[in-house]
file data_18.txt (compact mmCIF, C-alpha atoms and all ligand atoms)
# COMPACT_ATOMS: atom_id res chain seq x y z
CA MET X 1 100.37 114.51 126.56
CA ALA X 2 103.36 115.36 128.66
CA ASN X 3 104.72 118.27 130.64
CA PHE X 4 108.25 119.58 130.95
CA ASP X 5 109.44 122.31 133.28
CA LYS X 6 112.55 123.62 131.50
CA LYS X 7 112.34 127.27 130.46
CA ILE X 8 112.81 127.25 126.70
CA LYS X 9 115.00 129.79 124.91
CA ARG X 10 115.53 128.29 121.48
CA ILE X 11 113.10 126.23 119.41
CA GLY X 12 113.54 124.39 116.13
CA VAL X 13 110.91 124.04 113.40
CA TYR X 14 110.82 121.50 110.57
CA THR X 15 108.53 120.20 107.85
CA SER X 16 108.57 116.48 107.22
CA GLY X 17 106.98 113.77 105.05
CA GLY X 18 104.57 114.79 102.30
CA ASP X 19 104.48 118.52 101.53
CA ALA X 20 101.23 120.45 101.67
CA PRO X 21 100.15 123.97 100.72
CA GLY X 22 100.04 126.11 103.85
CA MET X 23 103.17 124.67 105.45
CA ASN X 24 104.92 127.99 104.80
CA ALA X 25 102.17 129.88 106.60
CA ALA X 26 102.67 127.53 109.57
CA ILE X 27 106.46 128.06 109.57
CA ARG X 28 105.88 131.83 109.42
CA ALA X 29 103.55 131.69 112.43
CA VAL X 30 106.01 129.61 114.48
CA VAL X 31 108.90 131.94 113.69
CA ARG X 32 107.06 135.21 114.19
CA VAL X 33 105.17 134.17 117.33
CA GLY X 34 108.35 132.61 118.74
CA ILE X 35 110.41 135.75 118.15
CA ALA X 36 107.59 137.98 119.46
CA GLN X 37 107.71 135.94 122.68
CA GLY X 38 111.47 136.40 123.02
CA LEU X 39 112.54 132.99 121.68
CA GLU X 40 115.18 132.21 119.09
CA VAL X 41 113.83 130.08 116.26
CA TYR X 42 115.95 127.74 114.16
CA GLY X 43 114.88 126.06 110.93
CA ILE X 44 115.81 122.44 110.26
CA HIS X 45 116.27 121.60 106.58
CA ALA X 46 114.23 118.75 105.04
CA GLY X 47 112.88 117.31 108.28
CA TYR X 48 114.74 114.43 109.90
CA ILE X 49 117.31 114.44 107.08
CA GLY X 50 118.60 117.86 108.15
CA MET X 51 118.37 116.91 111.82
CA ILE X 52 120.78 114.03 111.13
CA ASP X 53 123.01 116.02 108.71
CA ASN X 54 123.10 119.02 111.05
CA GLN X 55 121.44 121.46 108.68
CA ILE X 56 120.05 123.65 111.44
CA HIS X 57 120.07 127.43 110.93
CA PRO X 58 118.65 130.49 112.69
CA LEU X 59 115.58 132.10 111.15
CA GLN X 60 114.78 135.80 111.40
CA LEU X 61 111.54 137.75 111.03
CA GLY X 62 112.61 138.89 107.54
CA ASP X 63 113.11 135.30 106.33
CA MET X 64 109.36 134.88 106.61
CA ALA X 65 108.56 137.76 104.25
CA ASN X 66 106.45 136.94 101.21
CA ILE X 67 105.94 133.24 101.95
CA ILE X 68 102.37 133.12 103.33
CA GLN X 69 100.95 132.76 99.82
CA ARG X 70 103.49 130.21 98.56
CA GLY X 71 102.80 126.49 98.29
CA GLY X 72 105.44 123.89 99.21
CA THR X 73 107.79 124.50 102.11
CA ILE X 74 110.76 126.87 102.21
CA LEU X 75 112.44 124.54 104.72
CA LYS X 76 112.07 121.65 102.24
CA THR X 77 110.76 118.31 103.37
CA GLY X 78 112.01 114.76 103.16
CA ARG X 79 111.85 111.18 104.32
CA SER X 80 114.68 109.63 106.32
CA LEU X 81 115.10 105.90 106.73
CA GLU X 82 118.06 106.53 109.02
CA PHE X 83 115.86 108.38 111.51
CA THR X 84 113.64 105.32 111.95
CA LYS X 85 116.65 103.56 113.55
CA PRO X 86 117.86 104.34 117.10
CA GLU X 87 121.38 105.28 115.88
CA GLY X 88 119.91 107.80 113.43
CA ARG X 89 117.79 109.39 116.12
CA GLN X 90 120.80 109.57 118.44
CA LYS X 91 122.75 111.47 115.73
CA ALA X 92 119.82 113.87 115.29
CA VAL X 93 119.57 114.49 119.02
CA ASN X 94 123.33 115.13 119.31
CA ASN X 95 122.95 117.86 116.69
CA LEU X 96 119.91 119.37 118.40
CA LEU X 97 121.77 119.51 121.71
CA ALA X 98 124.90 120.97 120.06
CA SER X 99 122.69 123.73 118.58
CA LYS X 100 121.10 124.25 122.02
CA ILE X 101 117.60 123.56 120.69
CA ASP X 102 115.30 123.23 123.72
CA ALA X 103 112.09 122.19 121.93
CA LEU X 104 110.68 121.50 118.47
CA VAL X 105 107.64 122.15 116.31
CA CYS X 106 107.09 119.35 113.78
CA ILE X 107 104.88 120.19 110.79
CA GLY X 108 103.97 116.96 109.01
CA GLY X 109 101.85 113.83 108.91
CA ASP X 110 101.45 110.61 110.83
CA GLY X 111 104.95 109.27 110.17
CA SER X 112 106.57 112.56 111.17
CA PHE X 113 104.61 112.49 114.43
CA ARG X 114 105.83 108.94 115.16
CA GLY X 115 109.35 110.34 114.86
CA ALA X 116 108.42 113.30 117.08
CA HIS X 117 106.91 110.99 119.70
CA ALA X 118 110.14 108.94 119.70
CA LEU X 119 112.21 112.11 120.33
CA TRP X 120 110.20 112.75 123.49
CA GLU X 121 109.96 109.11 124.65
CA GLU X 122 113.63 108.29 124.13
CA PHE X 123 115.44 111.60 124.67
CA LYS X 124 112.95 113.90 126.42
CA ILE X 125 113.15 116.45 123.59
CA PRO X 126 109.82 118.32 123.82
CA VAL X 127 107.95 118.35 120.50
CA VAL X 128 104.56 119.75 119.46
CA GLY X 129 103.07 118.57 116.16
CA VAL X 130 101.15 120.60 113.58
CA PRO X 131 99.20 118.44 111.09
CA GLY X 132 100.20 119.25 107.51
CA THR X 133 98.99 116.88 104.81
CA ILE X 134 96.66 117.22 101.84
CA ASP X 135 95.09 113.85 102.74
CA ASN X 136 93.35 115.07 105.93
CA ASP X 137 93.95 111.59 107.35
CA ILE X 138 95.25 112.51 110.78
CA TYR X 139 93.31 111.20 113.74
CA GLY X 140 92.44 113.87 116.30
CA SER X 141 92.01 116.80 113.94
CA ASP X 142 88.96 117.57 111.82
CA LYS X 143 91.17 119.41 109.35
CA THR X 144 94.81 119.30 108.30
CA ILE X 145 96.80 122.05 106.61
CA GLY X 146 96.71 121.67 102.82
CA PHE X 147 93.49 119.67 102.55
CA ASP X 148 91.25 122.60 101.65
CA THR X 149 93.68 123.75 98.95
CA ALA X 150 94.00 120.25 97.48
CA VAL X 151 90.21 119.80 97.38
CA ASN X 152 89.77 123.15 95.65
CA THR X 153 92.54 122.42 93.14
CA ALA X 154 90.95 119.07 92.28
CA LEU X 155 87.50 120.62 92.10
CA GLU X 156 88.66 123.26 89.64
CA ALA X 157 90.02 120.52 87.40
CA ILE X 158 86.79 118.52 87.69
CA ASP X 159 84.68 121.54 86.76
CA ARG X 160 86.75 121.88 83.59
CA ILE X 161 86.40 118.19 82.85
CA ARG X 162 82.64 118.48 83.36
CA ASP X 163 82.49 121.10 80.58
CA THR X 164 84.12 118.80 78.08
CA ALA X 165 82.25 115.72 79.37
CA ALA X 166 78.93 117.49 78.86
CA SER X 167 79.87 118.74 75.39
CA HIS X 168 80.73 115.27 74.11
CA ASP X 169 78.27 113.20 76.17
CA ARG X 170 81.07 111.36 77.82
CA LEU X 171 81.82 109.33 80.90
CA PHE X 172 84.91 110.50 82.78
CA ILE X 173 86.79 108.83 85.60
CA VAL X 174 88.89 111.31 87.56
CA GLU X 175 91.58 109.99 89.87
CA VAL X 176 92.47 112.12 92.87
CA MET X 177 95.20 111.63 95.50
CA GLY X 178 94.79 109.47 98.58
CA ARG X 179 96.61 106.17 98.93
CA ASN X 180 94.97 105.18 102.16
CA SER X 181 92.49 107.95 102.56
CA GLY X 182 89.23 108.84 100.87
CA PHE X 183 88.92 112.39 102.19
CA ILE X 184 89.87 114.21 98.99
CA ALA X 185 87.72 111.82 96.94
CA SER X 186 84.65 112.18 99.15
CA HIS X 187 84.83 115.96 99.43
CA VAL X 188 85.61 116.53 95.76
CA GLY X 189 82.96 113.99 94.76
CA LEU X 190 80.24 115.73 96.75
CA ALA X 191 81.33 119.23 95.72
CA GLY X 192 81.80 118.22 92.09
CA GLY X 193 78.51 116.34 91.68
CA ALA X 194 80.07 112.95 90.95
CA GLU X 195 77.86 109.95 90.13
CA GLU X 196 80.08 107.58 92.14
CA ILE X 197 83.02 107.90 94.51
CA PHE X 198 85.58 105.16 95.02
CA THR X 199 87.60 105.45 98.24
CA PRO X 200 90.72 103.30 98.80
CA ASP X 201 88.88 100.88 101.09
CA GLY X 202 86.46 99.36 98.60
CA ASN X 203 83.34 101.29 99.64
CA THR X 204 81.52 100.54 96.40
CA THR X 205 81.70 98.33 93.32
CA VAL X 206 81.95 98.81 89.57
CA ASP X 207 78.46 97.26 89.27
CA LYS X 208 76.99 99.87 91.61
CA ALA X 209 78.72 102.63 89.63
CA ILE X 210 77.28 101.22 86.41
CA ASP X 211 73.81 101.17 87.99
CA HIS X 212 74.18 104.83 88.94
CA ILE X 213 75.36 105.78 85.45
CA LYS X 214 72.46 103.88 83.88
CA GLU X 215 69.94 105.51 86.22
CA GLY X 216 71.30 108.86 85.09
CA ILE X 217 71.06 107.92 81.42
CA ALA X 218 67.47 106.69 81.94
CA ARG X 219 66.42 110.11 83.11
CA GLY X 220 68.23 111.91 80.31
CA LYS X 221 71.75 112.52 81.65
CA SER X 222 74.26 112.48 78.85
CA SER X 223 77.51 112.70 80.79
CA SER X 224 78.79 111.34 84.07
CA ILE X 225 81.82 111.78 86.29
CA LEU X 226 83.18 109.14 88.63
CA ILE X 227 85.81 110.04 91.21
CA THR X 228 88.35 107.57 92.50
CA ALA X 229 91.06 107.93 95.11
CA GLU X 230 94.33 106.52 93.79
CA GLY X 231 94.39 103.88 96.55
CA GLN X 232 97.30 101.47 96.72
CA LYS X 233 97.63 101.43 92.94
CA PRO X 234 97.97 104.81 91.25
CA GLY X 235 96.39 104.46 87.81
CA ARG X 236 93.40 102.68 89.37
CA ALA X 237 91.13 104.84 87.16
CA TYR X 238 92.36 102.92 84.09
CA ASP X 239 91.38 99.61 85.70
CA LEU X 240 87.93 100.99 86.47
CA ALA X 241 87.56 102.24 82.89
CA ASP X 242 88.54 98.77 81.60
CA SER X 243 85.99 97.03 83.83
CA ILE X 244 83.21 99.41 82.78
CA ARG X 245 84.13 98.95 79.11
CA LYS X 246 84.11 95.16 79.46
CA LYS X 247 80.81 95.08 81.33
CA THR X 248 78.87 97.67 79.32
CA GLY X 249 80.79 98.63 76.17
CA MET X 250 80.81 102.23 77.48
CA ASP X 251 83.96 104.15 76.75
CA ALA X 252 85.27 106.04 79.78
CA LYS X 253 87.88 108.78 79.52
CA VAL X 254 90.44 108.86 82.31
CA SER X 255 92.01 111.89 83.93
CA ILE X 256 94.63 111.47 86.67
CA LEU X 257 95.14 114.73 88.53
CA GLY X 258 98.34 113.71 90.32
CA HIS X 259 100.80 116.05 91.99
CA GLN X 260 99.13 119.29 90.94
CA GLN X 261 96.96 118.63 94.02
CA ARG X 262 100.04 119.03 96.23
CA GLY X 263 101.06 122.44 94.94
CA GLY X 264 99.66 125.90 94.43
CA SER X 265 98.94 128.88 96.57
CA PRO X 266 97.14 127.86 99.79
CA THR X 267 93.49 128.88 100.16
CA ALA X 268 92.50 131.45 102.77
CA ALA X 269 91.16 128.61 104.97
CA ASP X 270 94.53 126.81 104.90
CA ARG X 271 96.52 129.98 105.59
CA ILE X 272 94.30 130.80 108.56
CA LEU X 273 94.44 127.23 109.90
CA ALA X 274 98.23 127.12 109.50
CA SER X 275 98.70 130.51 111.18
CA ARG X 276 96.51 129.54 114.13
CA MET X 277 98.08 126.11 114.55
CA GLY X 278 101.67 127.41 114.28
CA ALA X 279 100.96 130.06 116.91
CA ALA X 280 99.22 127.52 119.18
CA ALA X 281 102.19 125.15 118.93
CA VAL X 282 104.58 127.81 120.25
CA ASP X 283 102.12 128.77 123.01
CA ALA X 284 101.86 125.11 124.07
CA LEU X 285 105.64 124.77 124.33
CA GLN X 286 105.86 128.03 126.31
CA LYS X 287 103.36 126.54 128.79
CA GLY X 288 105.43 123.36 129.09
CA TYR X 289 103.13 121.06 127.10
CA CYS X 290 104.63 118.60 124.65
CA ASP X 291 104.21 115.21 122.97
CA ILE X 292 100.95 116.60 121.57
CA MET X 293 99.51 117.67 118.25
CA ILE X 294 97.50 120.82 117.75
CA GLY X 295 94.24 119.74 116.12
CA THR X 296 90.84 121.19 115.34
CA GLU X 297 87.40 120.23 116.58
CA GLY X 298 85.04 122.35 114.56
CA GLU X 299 86.47 125.87 114.75
CA ARG X 300 88.21 125.22 118.07
CA LEU X 301 91.90 124.35 118.43
CA ILE X 302 92.58 121.35 120.65
CA GLN X 303 95.62 119.44 121.93
CA VAL X 304 95.79 115.70 121.29
CA PRO X 305 98.52 113.38 122.65
CA LEU X 306 100.80 112.17 119.82
CA ASP X 307 100.42 108.63 121.06
CA ILE X 308 96.67 108.78 120.41
CA VAL X 309 97.14 110.53 117.06
CA THR X 310 99.53 107.89 115.75
CA LYS X 311 97.75 104.82 117.12
CA ASN X 312 94.34 105.60 115.65
CA GLU X 313 92.95 105.78 112.18
CA LYS X 314 90.68 108.55 110.93
CA LYS X 315 87.82 107.17 108.91
CA THR X 316 86.45 108.67 105.71
CA GLN X 317 83.06 110.31 106.24
CA MET X 318 80.80 107.86 104.44
CA ASP X 319 77.79 110.12 104.96
CA LEU X 320 79.31 112.55 102.46
CA ILE X 321 79.47 109.76 99.90
CA SER X 322 75.87 108.65 100.50
CA LEU X 323 74.77 112.26 100.11
CA ALA X 324 76.79 112.68 96.91
CA ASN X 325 75.13 109.51 95.53
CA LEU X 326 71.69 110.76 96.47
CA LEU X 327 72.22 114.22 94.99
CA ALA X 328 73.69 112.91 91.73
CA THR X 329 70.70 110.70 90.94
P1 LIG V 1 104.18 111.79 106.84
O1 LIG V 1 104.73 112.54 108.00
O2 LIG V 1 103.67 112.70 105.76
O3 LIG V 1 103.19 110.72 107.25
P2 LIG V 1 106.19 109.68 106.40
O4 LIG V 1 105.29 108.59 106.84
O5 LIG V 1 107.02 109.46 105.19
O6 LIG V 1 105.40 111.06 106.13
O7 LIG V 1 107.14 110.03 107.62
C1 LIG V 1 108.12 111.03 107.56
C2 LIG V 1 109.37 110.62 108.26
O8 LIG V 1 109.10 110.40 109.65
C3 LIG V 1 109.96 109.30 107.80
O9 LIG V 1 110.77 109.43 106.66
C4 LIG V 1 110.81 108.89 108.99
O10 LIG V 1 112.06 109.55 108.99
C5 LIG V 1 110.00 109.43 110.18
N1 LIG V 1 109.25 108.31 110.79
C6 LIG V 1 108.16 107.68 110.30
N2 LIG V 1 107.77 106.67 111.12
C7 LIG V 1 108.64 106.66 112.15
C8 LIG V 1 108.80 105.86 113.34
N3 LIG V 1 107.95 104.86 113.62
N4 LIG V 1 109.83 106.15 114.16
C9 LIG V 1 110.68 107.15 113.89
N5 LIG V 1 110.59 107.94 112.80
C10 LIG V 1 109.60 107.72 111.94

call {"tool": "encode", "arguments": {"input": "data_18.txt", "output": "structure tokens"}}
result
Amino acid sequence: MANFDKKIKRIGVYTSGGDAPGMNAAIRAVVRVGIAQGLEVYGIHAGYIGMIDNQIHPLQLGDMANIIQRGGTILKTGRSLEFTKPEGRQKAVNNLLASKIDALVCIGGDGSFRGAHALWEEFKIPVVGVPGTIDNDIYGSDKTIGFDTAVNTALEAIDRIRDTAASHDRLFIVEVMGRNSGFIASHVGLAGGAEEIFTPDGNTTVDKAIDHIKEGIARGKSSSILITAEGQKPGRAYDLADSIRKKTGMDAKVSILGHQQRGGSPTAADRILASRMGAAAVDALQKGYCDIMIGTEGERLIQVPLDIVTKNEKKTQMDLISLANLLAT
């Protein structure tokens, strides 16, 4: 956490890294709260790419009309290798200074916050982060913008799959997003009544999953659903299906949900979270706080230093998985 004492007049807002439903609601909150407080708000196109290419434009109240319900991000998002190098960051800062941007709101994930932290450390550009990622894997915040929508999108798909699984007495393996994080898998698994949940970090084994399926069959269950996070190898569900087939002769159908989990209209919970966090980010800058992320602890908004956010790892709640296992038996 840091303080700065410059009176800010013009702020920039950008979305960066993976997109998430609710980012638009966050942009809207930053712009409308900023303007209501007498600030000028500029939008930066596609995150650090637009910062380096000087795609920095003023945003007005009217530009925010009709976006609260839209998924994706109207500012676009992107990944910039150039920004990870000192020369790239220097270019970006030259553009920010030329546009007279006094402070920034960064809506993104871990990587985006590392970039934001560097802007403060190296150039004293004040930045406040707002966590936007469907993965919910940001240390320091119970919830991230987009997670609730992604979980509900996946759950809707799983409910449909359950109908067909039950009709045909089938075993299904559903792969959800999460390369390094098991949050979507654990939440969807518990809410969807899955027999087994595979997170990216090897929390369980195929043998244990087979035991759970067999226990279910022994007490009359005719269909089962396993949930797996994609982990480091998207398509992991096919490997699991192969192993189960080889070990038991059971035929497992695979369904990979993929990018549909990134899109769609944000849920009420995500719109509310995004609106509150966007507003809190502007308030923090107005008070001279920076190098922080706005997070949640329960229902409460908190401020967490970016250094702590980016240096720590948020762990999947294993208790949810144990409970899902217990309830599915
Ligand atoms: P996310 O923000 O969703 O985690 P990424 O990890 O892809 O997404 O990060 C988004 C962008 O942030 C990267 O393309 C890069 O430009 C910038 N970034 C990531 N790590 C760093 C770093 N250590 N230093 C400076 N910029 C970084």

call {"tool": "residues_near_ligand", "arguments": {"input": "data_18.txt", "ligand": "ligand LIG 1 (chain V)", "cutoff": "9 Å", "atoms": "only C-alpha atoms and all ligand atoms", "output": "NGL selection string"}}
result
:X and (15-19 or 47-49 or 77-86 or 89 or 107-119 or 131-133 or 138)

call {"tool": "write_last_selection", "arguments": {"input": "data_18.txt", "atoms": "C-alpha atoms", "output": "CSV table (one decimal), in the frame of the given file"}}
result
chain,number,residue,atom,x,y,z
X,15,THR,CA,108.5,120.2,107.8
X,16,SER,CA,108.6,116.5,107.2
X,17,GLY,CA,107.0,113.8,105.0
X,18,GLY,CA,104.6,114.8,102.3
X,19,ASP,CA,104.5,118.5,101.5
X,47,GLY,CA,112.9,117.3,108.3
X,48,TYR,CA,114.7,114.4,109.9
X,49,ILE,CA,117.3,114.4,107.1
X,77,THR,CA,110.8,118.3,103.4
X,78,GLY,CA,112.0,114.8,103.2
X,79,ARG,CA,111.8,111.2,104.3
X,80,SER,CA,114.7,109.6,106.3
X,81,LEU,CA,115.1,105.9,106.7
X,82,GLU,CA,118.1,106.5,109.0
X,83,PHE,CA,115.9,108.4,111.5
X,84,THR,CA,113.6,105.3,112.0
X,85,LYS,CA,116.6,103.6,113.6
X,86,PRO,CA,117.9,104.3,117.1
X,89,ARG,CA,117.8,109.4,116.1
X,107,ILE,CA,104.9,120.2,110.8
X,108,GLY,CA,104.0,117.0,109.0
X,109,GLY,CA,101.8,113.8,108.9
X,110,ASP,CA,101.4,110.6,110.8
X,111,GLY,CA,105.0,109.3,110.2
X,112,SER,CA,106.6,112.6,111.2
X,113,PHE,CA,104.6,112.5,114.4
X,114,ARG,CA,105.8,108.9,115.2
X,115,GLY,CA,109.4,110.3,114.9
X,116,ALA,CA,108.4,113.3,117.1
X,117,HIS,CA,106.9,111.0,119.7
X,118,ALA,CA,110.1,108.9,119.7
X,119,LEU,CA,112.2,112.1,120.3
X,131,PRO,CA,99.2,118.4,111.1
X,132,GLY,CA,100.2,119.2,107.5
X,133,THR,CA,99.0,116.9,104.8
X,138,ILE,CA,95.2,112.5,110.8

call {"tool": "atom_distance", "arguments": {"input": "data_18.txt", "atom1": "CA of Val282 (chain X)", "atom2": "CA of Leu39 (chain X)"}}
result
9.6 Å

call {"tool": "atom_distance", "arguments": {"input": "data_18.txt", "atom1": "CA of Gly231 (chain X)", "atom2": "CA of Ala185 (chain X)"}}
result
10.4 Å

call {"tool": "closest_residue", "arguments": {"input": "data_18.txt", "among": "X:Asp270, X:Val93, X:Cys106, X:Leu171", "to": "Glu122 (chain X)", "atoms": "all atoms listed in the file"}}
result
X:Val93

call {"tool": "atom_distance", "arguments": {"input": "data_18.txt", "atom1": "CA of Cys290 (chain X)", "atom2": "CA of Ile67 (chain X)"}}
result
27.0 Å

call {"tool": "closest_residue", "arguments": {"input": "data_18.txt", "among": "X:Ile56, X:Met250, X:Ile173, X:Val188", "to": "Lys214 (chain X)", "atoms": "all atoms listed in the file"}}
result
X:Met250

call {"tool": "residues_around", "arguments": {"input": "data_18.txt", "residues": "region 97-105 of chain X", "least_positions_apart": "4", "cutoff": "10 Å", "atoms": "all atoms listed in the file", "output": "ChimeraX atom specification"}}
result
/X:6-15,26-27,30,40-44,54,56-58,92-93,116,119-120,124-130,278,281-282,285-286,288,290,293

call {"tool": "closest_residue", "arguments": {"input": "data_18.txt", "among": "X:Ala165, X:Ala36, X:Ile256, X:Val151", "to": "Leu61 (chain X)", "atoms": "only C-alpha atoms"}}
result
X:Ala36

call {"tool": "closest_residue", "arguments": {"input": "data_18.txt", "among": "X:Arg236, X:Lys143, X:Lys208, X:Lys76", "to": "Glu299 (chain X)", "atoms": "all atoms listed in the file"}}
result
X:Lys143

call {"tool": "residues_around", "arguments": {"input": "data_18.txt", "residues": "Ala150 (chain X)", "least_positions_apart": "2", "cutoff": "9 Å", "atoms": "all atoms listed in the file", "output": "list in words"}}
result
Ala20, Pro21, Ile134, Asp135, Gly146, Phe147, Asp148, Asn152, Thr153, Ala154, Leu155, Met177, Ile184, Gln260, Gln261, Arg262, Gly263, Gly264 and Pro266 of chain X

call {"tool": "residues_around", "arguments": {"input": "data_18.txt", "residues": "His187 (chain X)", "least_positions_apart": "2", "cutoff": "12 Å", "atoms": "all atoms listed in the file", "output": "MDAnalysis selection string"}}
result
chainID X and resid 135:136 147:155 176:178 181:185 189:194 197:199 227:229 316:324

call {"tool": "residues_around", "arguments": {"input": "data_18.txt", "residues": "Lys287 (chain X)", "least_positions_apart": "6", "cutoff": "9 Å", "atoms": "all atoms listed in the file", "output": "list in words"}}
result
Asn3, Phe4 and Asp5 of chain X

call {"tool": "axis_aligned_box", "arguments": {"input": "data_18.txt", "around": "region 76-95 of chain X", "padding_each_side": "4 Å", "output": "JSON"}}
result
{"center_x": 117.0, "center_y": 112.6, "center_z": 110.8, "size_x": 20.6, "size_y": 26.1, "size_z": 25.1}

call {"tool": "residues_around", "arguments": {"input": "data_18.txt", "residues": "Val309 (chain X)", "least_positions_apart": "4", "cutoff": "7 Å", "atoms": "only C-alpha atoms", "output": "PyMOL selection string"}}
result
chain X and resi 138-140+304-305

call {"tool": "closest_residue", "arguments": {"input": "data_18.txt", "among": "X:Ser167, X:Ile52, X:Met1, X:Gly72", "to": "Lys91 (chain X)", "atoms": "only C-alpha atoms"}}
result
X:Ile52

call {"tool": "residues_near_point", "arguments": {"input": "data_18.txt", "point": "(77.9, 110.8, 77.0)", "cutoff": "8 Å", "atoms": "all atoms listed in the file", "output": "PyMOL selection string"}}
result
chain X and resi 165-166+168-171+221-224
